[in-house]
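Okay, input.tsv now, which holds TSV, C-alpha atoms:
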chain	number	residue	atom	x	y	z
A	18	MET	CA	28.32	31.36	13.04
A	19	THR	CA	26.42	33.19	15.74
A	20	PRO	CA	25.46	31.55	19.02
A	21	GLN	CA	21.79	31.63	17.95
A	22	GLU	CA	22.58	29.89	14.64
A	23	LEU	CA	24.51	27.23	16.53
A	24	ALA	CA	21.61	26.77	18.96
A	25	ASP	CA	19.20	26.45	16.01
A	26	LEU	CA	21.39	23.75	14.47
A	27	VAL	CA	21.37	21.80	17.72
A	28	GLN	CA	17.56	21.94	17.80
A	29	LEU	CA	17.28	21.03	14.12
A	30	ARG	CA	19.57	18.05	14.72
A	31	ARG	CA	17.27	16.94	17.55
A	32	ALA	CA	14.31	16.91	15.13
A	33	ARG	CA	16.33	15.18	12.40
A	34	ASP	CA	17.46	12.53	14.88
A	35	ARG	CA	13.81	11.98	15.79
A	36	MET	CA	12.97	11.43	12.12
A	37	ASP	CA	15.85	8.95	11.83
A	38	ARG	CA	14.71	7.09	14.93
A	39	ASP	CA	10.90	7.30	14.64
A	40	TYR	CA	10.59	7.28	10.82
A	41	ALA	CA	7.71	4.75	10.91
A	42	GLN	CA	5.64	6.89	13.29
A	43	PRO	CA	3.20	9.52	12.03
A	44	LEU	CA	5.38	12.63	12.17
A	45	ASP	CA	4.18	15.99	10.92
A	46	VAL	CA	5.84	19.39	10.77
A	47	MET	CA	4.01	20.55	13.91
A	48	THR	CA	5.37	17.62	15.92
A	49	LEU	CA	8.88	18.00	14.54
A	50	ALA	CA	8.85	21.75	15.09
A	51	SER	CA	7.91	21.23	18.73
A	52	THR	CA	10.81	18.79	19.03
A	53	ALA	CA	13.08	21.58	17.75
A	54	LEU	CA	11.37	24.16	19.99
A	55	MET	CA	10.43	26.29	16.95
A	56	SER	CA	7.29	27.40	15.19
A	57	PRO	CA	6.38	25.17	12.23
A	58	SER	CA	7.17	27.79	9.57
A	59	HIS	CA	10.47	28.80	11.22
A	60	PHE	CA	11.41	25.13	11.59
A	61	SER	CA	10.66	24.37	7.93
A	62	ARG	CA	12.70	27.34	6.70
A	63	LYS	CA	15.65	26.59	8.98
A	64	PHE	CA	15.59	22.86	8.16
A	65	LEU	CA	15.61	23.55	4.43
A	66	ALA	CA	18.48	26.02	4.80
A	67	ALA	CA	20.52	23.64	6.97
A	68	TYR	CA	19.94	20.32	5.16
A	69	GLY	CA	18.94	21.31	1.63
A	70	GLU	CA	15.55	19.59	1.70
A	71	THR	CA	12.26	20.02	3.47
A	72	PRO	CA	11.49	18.03	6.63
A	73	TYR	CA	8.84	16.07	4.72
A	74	SER	CA	11.26	15.20	1.93
A	75	TYR	CA	13.89	14.12	4.46
A	76	LEU	CA	11.41	11.89	6.28
A	77	MET	CA	10.16	10.28	3.05
A	78	THR	CA	13.74	9.61	1.96
A	79	ARG	CA	14.47	7.96	5.33
A	80	ARG	CA	11.39	5.77	4.95
A	81	ILE	CA	12.36	4.68	1.44
A	82	GLU	CA	15.93	4.04	2.61
A	83	ARG	CA	14.60	1.69	5.30
A	84	ALA	CA	12.19	0.08	2.81
A	85	LYS	CA	15.09	-0.64	0.44
A	86	LEU	CA	16.90	-2.45	3.24
A	87	LEU	CA	13.83	-4.55	4.01
A	88	LEU	CA	13.29	-5.37	0.34
A	89	ARG	CA	16.93	-6.43	-0.05
A	90	HIS	CA	16.38	-8.86	2.83
A	91	GLY	CA	13.37	-10.50	1.21
A	92	VAL	CA	10.51	-8.72	2.99
A	93	SER	CA	7.41	-8.42	0.79
A	94	VAL	CA	6.53	-5.04	-0.69
A	95	THR	CA	3.32	-4.87	1.38
A	96	ASP	CA	5.13	-5.70	4.63
A	97	ALA	CA	7.89	-3.19	3.86
A	98	CYS	CA	5.23	-0.55	3.15
A	99	VAL	CA	3.59	-1.04	6.54
A	100	GLU	CA	6.88	-1.45	8.40
A	101	VAL	CA	8.17	1.98	7.31
A	102	GLY	CA	4.98	3.83	8.20
A	103	TYR	CA	2.88	3.99	5.05
A	104	SER	CA	-0.79	3.11	5.27
A	105	SER	CA	-1.31	3.06	1.48
A	106	LEU	CA	0.55	0.69	-0.82
A	107	GLY	CA	-0.17	3.04	-3.73
A	108	SER	CA	1.38	6.04	-1.97
A	109	PHE	CA	4.37	3.96	-0.95
A	110	SER	CA	4.93	2.65	-4.48
A	111	SER	CA	4.57	6.12	-5.99
A	112	ARG	CA	7.01	7.68	-3.55
A	113	PHE	CA	9.45	4.77	-3.94
A	114	ARG	CA	9.43	5.18	-7.72
A	115	GLU	CA	9.73	8.98	-7.45
A	116	ILE	CA	12.82	8.69	-5.28
A	117	THR	CA	14.56	5.65	-6.78
A	118	GLY	CA	13.32	5.56	-10.36
A	119	GLU	CA	11.96	2.03	-10.08
A	120	THR	CA	9.05	0.30	-8.38
A	121	PRO	CA	9.51	-1.55	-5.09
A	122	SER	CA	8.92	-4.86	-6.90
A	123	GLN	CA	11.58	-4.08	-9.50
A	124	TYR	CA	14.01	-3.14	-6.74
A	125	ALA	CA	13.26	-6.29	-4.75
A	126	GLN	CA	13.82	-8.53	-7.78
A	127	ARG	CA	17.27	-7.10	-8.56
A	128	ASP	CA	20.41	-8.94	-7.51
A	129	HIS	CA	21.76	-7.26	-4.35
A	130	HIS	CA	24.65	-9.62	-3.63
A	131	GLY	CA	27.20	-7.00	-4.70
A	132	LEU	CA	26.09	-4.79	-1.82
A	133	GLU	CA	27.29	-7.34	0.74
A	134	ALA	CA	30.84	-6.09	0.15
A	135	VAL	CA	29.97	-2.54	1.21
A	136	PRO	CA	31.30	-1.90	4.75
A	137	PRO	CA	28.57	-0.90	7.22
A	138	CYS	CA	30.25	2.45	7.82
A	139	MET	CA	29.78	3.29	4.13
A	140	SER	CA	26.45	1.62	3.45
A	141	LYS	CA	24.28	4.54	4.59
A	142	PHE	CA	26.14	6.89	2.27
A	143	VAL	CA	26.30	4.50	-0.69
A	144	LEU	CA	22.75	3.16	-0.38
A	145	ARG	CA	20.94	6.41	0.47
A	146	PRO	CA	18.16	6.95	-2.05
A	147	GLN	CA	18.78	9.78	-4.46
A	148	ARG	CA	15.86	11.43	-6.16
A	149	VAL	CA	15.81	10.47	-9.82
A	150	PRO	CA	14.73	13.26	-12.17
A	151	THR	CA	11.66	12.33	-14.15
A	152	SER	CA	11.26	13.21	-17.79
A	153	VAL	CA	8.37	15.48	-18.63

In structure tokens, write the structure found in this file.
Amino acid sequence: MTPQELADLVQLRRARDRMDRDYAQPLDVMTLASTALMSPSHFSRKFLAAYGETPYSYLMTRRIERAKLLLRHGVSVTDACVEVGYSSLGSFSSRFREITGETPSQYAQRDHHGLEAVPPCMSKFVLRPQRVPTSV
């Protein structure tokens, strides 16, 4: 790995950390690219190469991950939607279903008691939303 590639990874990590921390804020590629000290197109290409998904996809997955936590703790679907940064319940529900394969209401109604046994150090890995392929 060249020194420039290593420096790019440090800057990309800075932007990814911002998405993890400020996921509920309105973040766009321009803002994230400036966090990484890159142009938007360069940032998007480098982020995809480094993490295997676009910055937008990563941010949406973080938001749904946080929404799942809120829903497991009894927060209403509407409140979870607003809490994670969505302004439209329809957009939230569509994205939630796209990523998890079920609606927020279906997820909230499931029994989550088995997840209490998952150690906190493993919960992020185990509970991270995985995109479910849709049938065409």

Tell me which of A:Arg30, A:Ser105, A:Val99, A:Glu119 sits closest to Tyr68 in chain A, counting all atoms listed in the file.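 Using all atoms listed in the file, Tyr68 in chain A sits closest to A:Arg30.
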
Calculated over all atoms listed in the file, which of the candidates A:Pro121, A:Pro72, A:Pro57, A:Gly102 has the smallest distance to Lys85 in chain A?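 Closest to Lys85 in chain A, using all atoms listed in the file: A:Pro121.
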
Pick out the closest residue to Tyr40 in chain A from this set: A:His129, A:Arg114, A:Arg80, A:His90. Count all atoms listed in the file.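 Between A:His129, A:Arg114, A:Arg80, A:His90, the residue approaching Tyr40 in chain A most closely is A:Arg80.
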
Do you have the CA of Leu29 in chain A-CA of Ile116 in chain A distance handy?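 A separation of 23.4 Å between them.
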
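Interatomic distance, CA of Asp128 in chain A against CA of Leu86 in chain A: 13.0 Å.
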
Scan for residues within 10 Å of the point (3.7, 0.6, -5.8) in the coordinates of the file, using only C-alpha atoms, and reply as a count of residues only. 18

In terms of only C-alpha atoms, the residue from A:Ala125, A:Val101, A:Leu54, A:Leu44 at minimal distance from Arg89 in chain A is A:Ala125

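What separates CA of Leu49 in chain A from CA of Leu23 in chain A is a distance of 18.3 Å.
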
From the options A:Thr117, A:Arg38, A:Ala97, A:Asp25, which residue's atoms come nearest to Arg62 in chain A, counting only C-alpha atoms?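 Looking at the shortest contact to Arg62 in chain A, the residue is A:Asp25.
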
For each of A:Arg31, A:Leu65, A:Ala24, A:Tyr73, take the minimum atom-to-atom distance to Val46 in chain A, counting all atoms listed in the file, then give the residue where this is smallest. A:Tyr73

Mind rebuilding range 111-122 of chain A with all heavy atoms and writing that out as a PDB file, keeping the file's coordinate frame?
ATOM      1  N   SER A 111       4.336   4.872  -5.261  1.00  0.00           N
ATOM      2  CA  SER A 111       4.570   6.120  -5.990  1.00  0.00           C
ATOM      3  C   SER A 111       5.785   6.859  -5.460  1.00  0.00           C
ATOM      4  O   SER A 111       6.627   7.330  -6.232  1.00  0.00           O
ATOM      5  CB  SER A 111       3.343   7.035  -5.888  1.00  0.00           C
ATOM      6  OG  SER A 111       2.245   6.459  -6.540  1.00  0.00           O
ATOM      7  N   ARG A 112       5.869   6.974  -4.152  1.00  0.00           N
ATOM      8  CA  ARG A 112       7.010   7.680  -3.550  1.00  0.00           C
ATOM      9  C   ARG A 112       8.315   6.919  -3.802  1.00  0.00           C
ATOM     10  O   ARG A 112       9.346   7.511  -4.093  1.00  0.00           O
ATOM     11  CB  ARG A 112       6.782   7.853  -2.043  1.00  0.00           C
ATOM     12  CG  ARG A 112       7.881   8.590  -1.327  1.00  0.00           C
ATOM     13  CD  ARG A 112       7.966  10.019  -1.740  1.00  0.00           C
ATOM     14  NE  ARG A 112       6.676  10.629  -1.493  1.00  0.00           N
ATOM     15  CZ  ARG A 112       6.418  11.906  -1.640  1.00  0.00           C
ATOM     16  NH1 ARG A 112       7.344  12.722  -2.028  1.00  0.00           N
ATOM     17  NH2 ARG A 112       5.221  12.376  -1.414  1.00  0.00           N
ATOM     18  N   PHE A 113       8.265   5.590  -3.707  1.00  0.00           N
ATOM     19  CA  PHE A 113       9.450   4.770  -3.940  1.00  0.00           C
ATOM     20  C   PHE A 113       9.956   5.013  -5.362  1.00  0.00           C
ATOM     21  O   PHE A 113      11.141   5.242  -5.581  1.00  0.00           O
ATOM     22  CB  PHE A 113       9.113   3.286  -3.745  1.00  0.00           C
ATOM     23  CG  PHE A 113      10.312   2.394  -3.636  1.00  0.00           C
ATOM     24  CD1 PHE A 113      10.778   1.989  -2.403  1.00  0.00           C
ATOM     25  CD2 PHE A 113      10.975   1.945  -4.773  1.00  0.00           C
ATOM     26  CE1 PHE A 113      11.881   1.159  -2.285  1.00  0.00           C
ATOM     27  CE2 PHE A 113      12.075   1.116  -4.682  1.00  0.00           C
ATOM     28  CZ  PHE A 113      12.538   0.711  -3.433  1.00  0.00           C
ATOM     29  N   ARG A 114       9.040   4.982  -6.319  1.00  0.00           N
ATOM     30  CA  ARG A 114       9.430   5.180  -7.720  1.00  0.00           C
ATOM     31  C   ARG A 114       9.937   6.607  -7.948  1.00  0.00           C
ATOM     32  O   ARG A 114      10.899   6.822  -8.682  1.00  0.00           O
ATOM     33  CB  ARG A 114       8.269   4.878  -8.651  1.00  0.00           C
ATOM     34  CG  ARG A 114       8.664   4.974 -10.112  1.00  0.00           C
ATOM     35  CD  ARG A 114       7.512   4.603 -11.026  1.00  0.00           C
ATOM     36  NE  ARG A 114       7.914   4.778 -12.394  1.00  0.00           N
ATOM     37  CZ  ARG A 114       8.240   3.786 -13.211  1.00  0.00           C
ATOM     38  NH1 ARG A 114       8.191   2.549 -12.795  1.00  0.00           N
ATOM     39  NH2 ARG A 114       8.601   4.030 -14.453  1.00  0.00           N
ATOM     40  N   GLU A 115       9.297   7.582  -7.322  1.00  0.00           N
ATOM     41  CA  GLU A 115       9.730   8.980  -7.450  1.00  0.00           C
ATOM     42  C   GLU A 115      11.160   9.155  -6.974  1.00  0.00           C
ATOM     43  O   GLU A 115      11.951   9.865  -7.594  1.00  0.00           O
ATOM     44  CB  GLU A 115       8.789   9.876  -6.645  1.00  0.00           C
ATOM     45  CG  GLU A 115       9.209  11.329  -6.589  1.00  0.00           C
ATOM     46  CD  GLU A 115       8.368  12.123  -5.609  1.00  0.00           C
ATOM     47  OE1 GLU A 115       7.154  11.880  -5.527  1.00  0.00           O
ATOM     48  OE2 GLU A 115       8.937  12.974  -4.919  1.00  0.00           O
ATOM     49  N   ILE A 116      11.500   8.503  -5.876  1.00  0.00           N
ATOM     50  CA  ILE A 116      12.820   8.690  -5.280  1.00  0.00           C
ATOM     51  C   ILE A 116      13.885   7.819  -5.945  1.00  0.00           C
ATOM     52  O   ILE A 116      15.005   8.262  -6.167  1.00  0.00           O
ATOM     53  CB  ILE A 116      12.759   8.432  -3.764  1.00  0.00           C
ATOM     54  CG1 ILE A 116      11.931   9.539  -3.099  1.00  0.00           C
ATOM     55  CG2 ILE A 116      14.146   8.364  -3.142  1.00  0.00           C
ATOM     56  CD1 ILE A 116      11.666   9.356  -1.632  1.00  0.00           C
ATOM     57  N   THR A 117      13.545   6.581  -6.281  1.00  0.00           N
ATOM     58  CA  THR A 117      14.560   5.650  -6.780  1.00  0.00           C
ATOM     59  C   THR A 117      14.542   5.447  -8.288  1.00  0.00           C
ATOM     60  O   THR A 117      15.512   4.947  -8.852  1.00  0.00           O
ATOM     61  CB  THR A 117      14.409   4.260  -6.129  1.00  0.00           C
ATOM     62  OG1 THR A 117      13.182   3.674  -6.554  1.00  0.00           O
ATOM     63  CG2 THR A 117      14.459   4.356  -4.615  1.00  0.00           C
ATOM     64  N   GLY A 118      13.420   5.767  -8.930  1.00  0.00           N
ATOM     65  CA  GLY A 118      13.320   5.560 -10.360  1.00  0.00           C
ATOM     66  C   GLY A 118      12.837   4.184 -10.764  1.00  0.00           C
ATOM     67  O   GLY A 118      12.779   3.855 -11.945  1.00  0.00           O
ATOM     68  N   GLU A 119      12.494   3.363  -9.795  1.00  0.00           N
ATOM     69  CA  GLU A 119      11.960   2.030 -10.080  1.00  0.00           C
ATOM     70  C   GLU A 119      10.927   1.672  -9.021  1.00  0.00           C
ATOM     71  O   GLU A 119      10.898   2.259  -7.949  1.00  0.00           O
ATOM     72  CB  GLU A 119      13.061   0.977 -10.143  1.00  0.00           C
ATOM     73  CG  GLU A 119      13.860   0.809  -8.871  1.00  0.00           C
ATOM     74  CD  GLU A 119      15.055  -0.120  -9.029  1.00  0.00           C
ATOM     75  OE1 GLU A 119      15.029  -0.998  -9.910  1.00  0.00           O
ATOM     76  OE2 GLU A 119      16.010   0.045  -8.279  1.00  0.00           O
ATOM     77  N   THR A 120      10.081   0.709  -9.329  1.00  0.00           N
ATOM     78  CA  THR A 120       9.050   0.300  -8.380  1.00  0.00           C
ATOM     79  C   THR A 120       9.675  -0.548  -7.279  1.00  0.00           C
ATOM     80  O   THR A 120      10.765  -1.108  -7.464  1.00  0.00           O
ATOM     81  CB  THR A 120       7.947  -0.522  -9.083  1.00  0.00           C
ATOM     82  OG1 THR A 120       8.516  -1.760  -9.534  1.00  0.00           O
ATOM     83  CG2 THR A 120       7.338   0.244 -10.238  1.00  0.00           C
ATOM     84  N   PRO A 121       8.987  -0.683  -6.153  1.00  0.00           N
ATOM     85  CA  PRO A 121       9.510  -1.550  -5.090  1.00  0.00           C
ATOM     86  C   PRO A 121       9.703  -2.992  -5.565  1.00  0.00           C
ATOM     87  O   PRO A 121      10.693  -3.635  -5.205  1.00  0.00           O
ATOM     88  CB  PRO A 121       8.443  -1.468  -3.991  1.00  0.00           C
ATOM     89  CG  PRO A 121       7.705  -0.215  -4.250  1.00  0.00           C
ATOM     90  CD  PRO A 121       7.769   0.020  -5.719  1.00  0.00           C
ATOM     91  N   SER A 122       8.798  -3.486  -6.392  1.00  0.00           N
ATOM     92  CA  SER A 122       8.920  -4.860  -6.900  1.00  0.00           C
ATOM     93  C   SER A 122      10.147  -5.008  -7.783  1.00  0.00           C
ATOM     94  O   SER A 122      10.871  -6.011  -7.683  1.00  0.00           O
ATOM     95  CB  SER A 122       7.669  -5.255  -7.694  1.00  0.00           C
ATOM     96  OG  SER A 122       6.542  -5.239  -6.857  1.00  0.00           O
TER      97      SER A 122
END
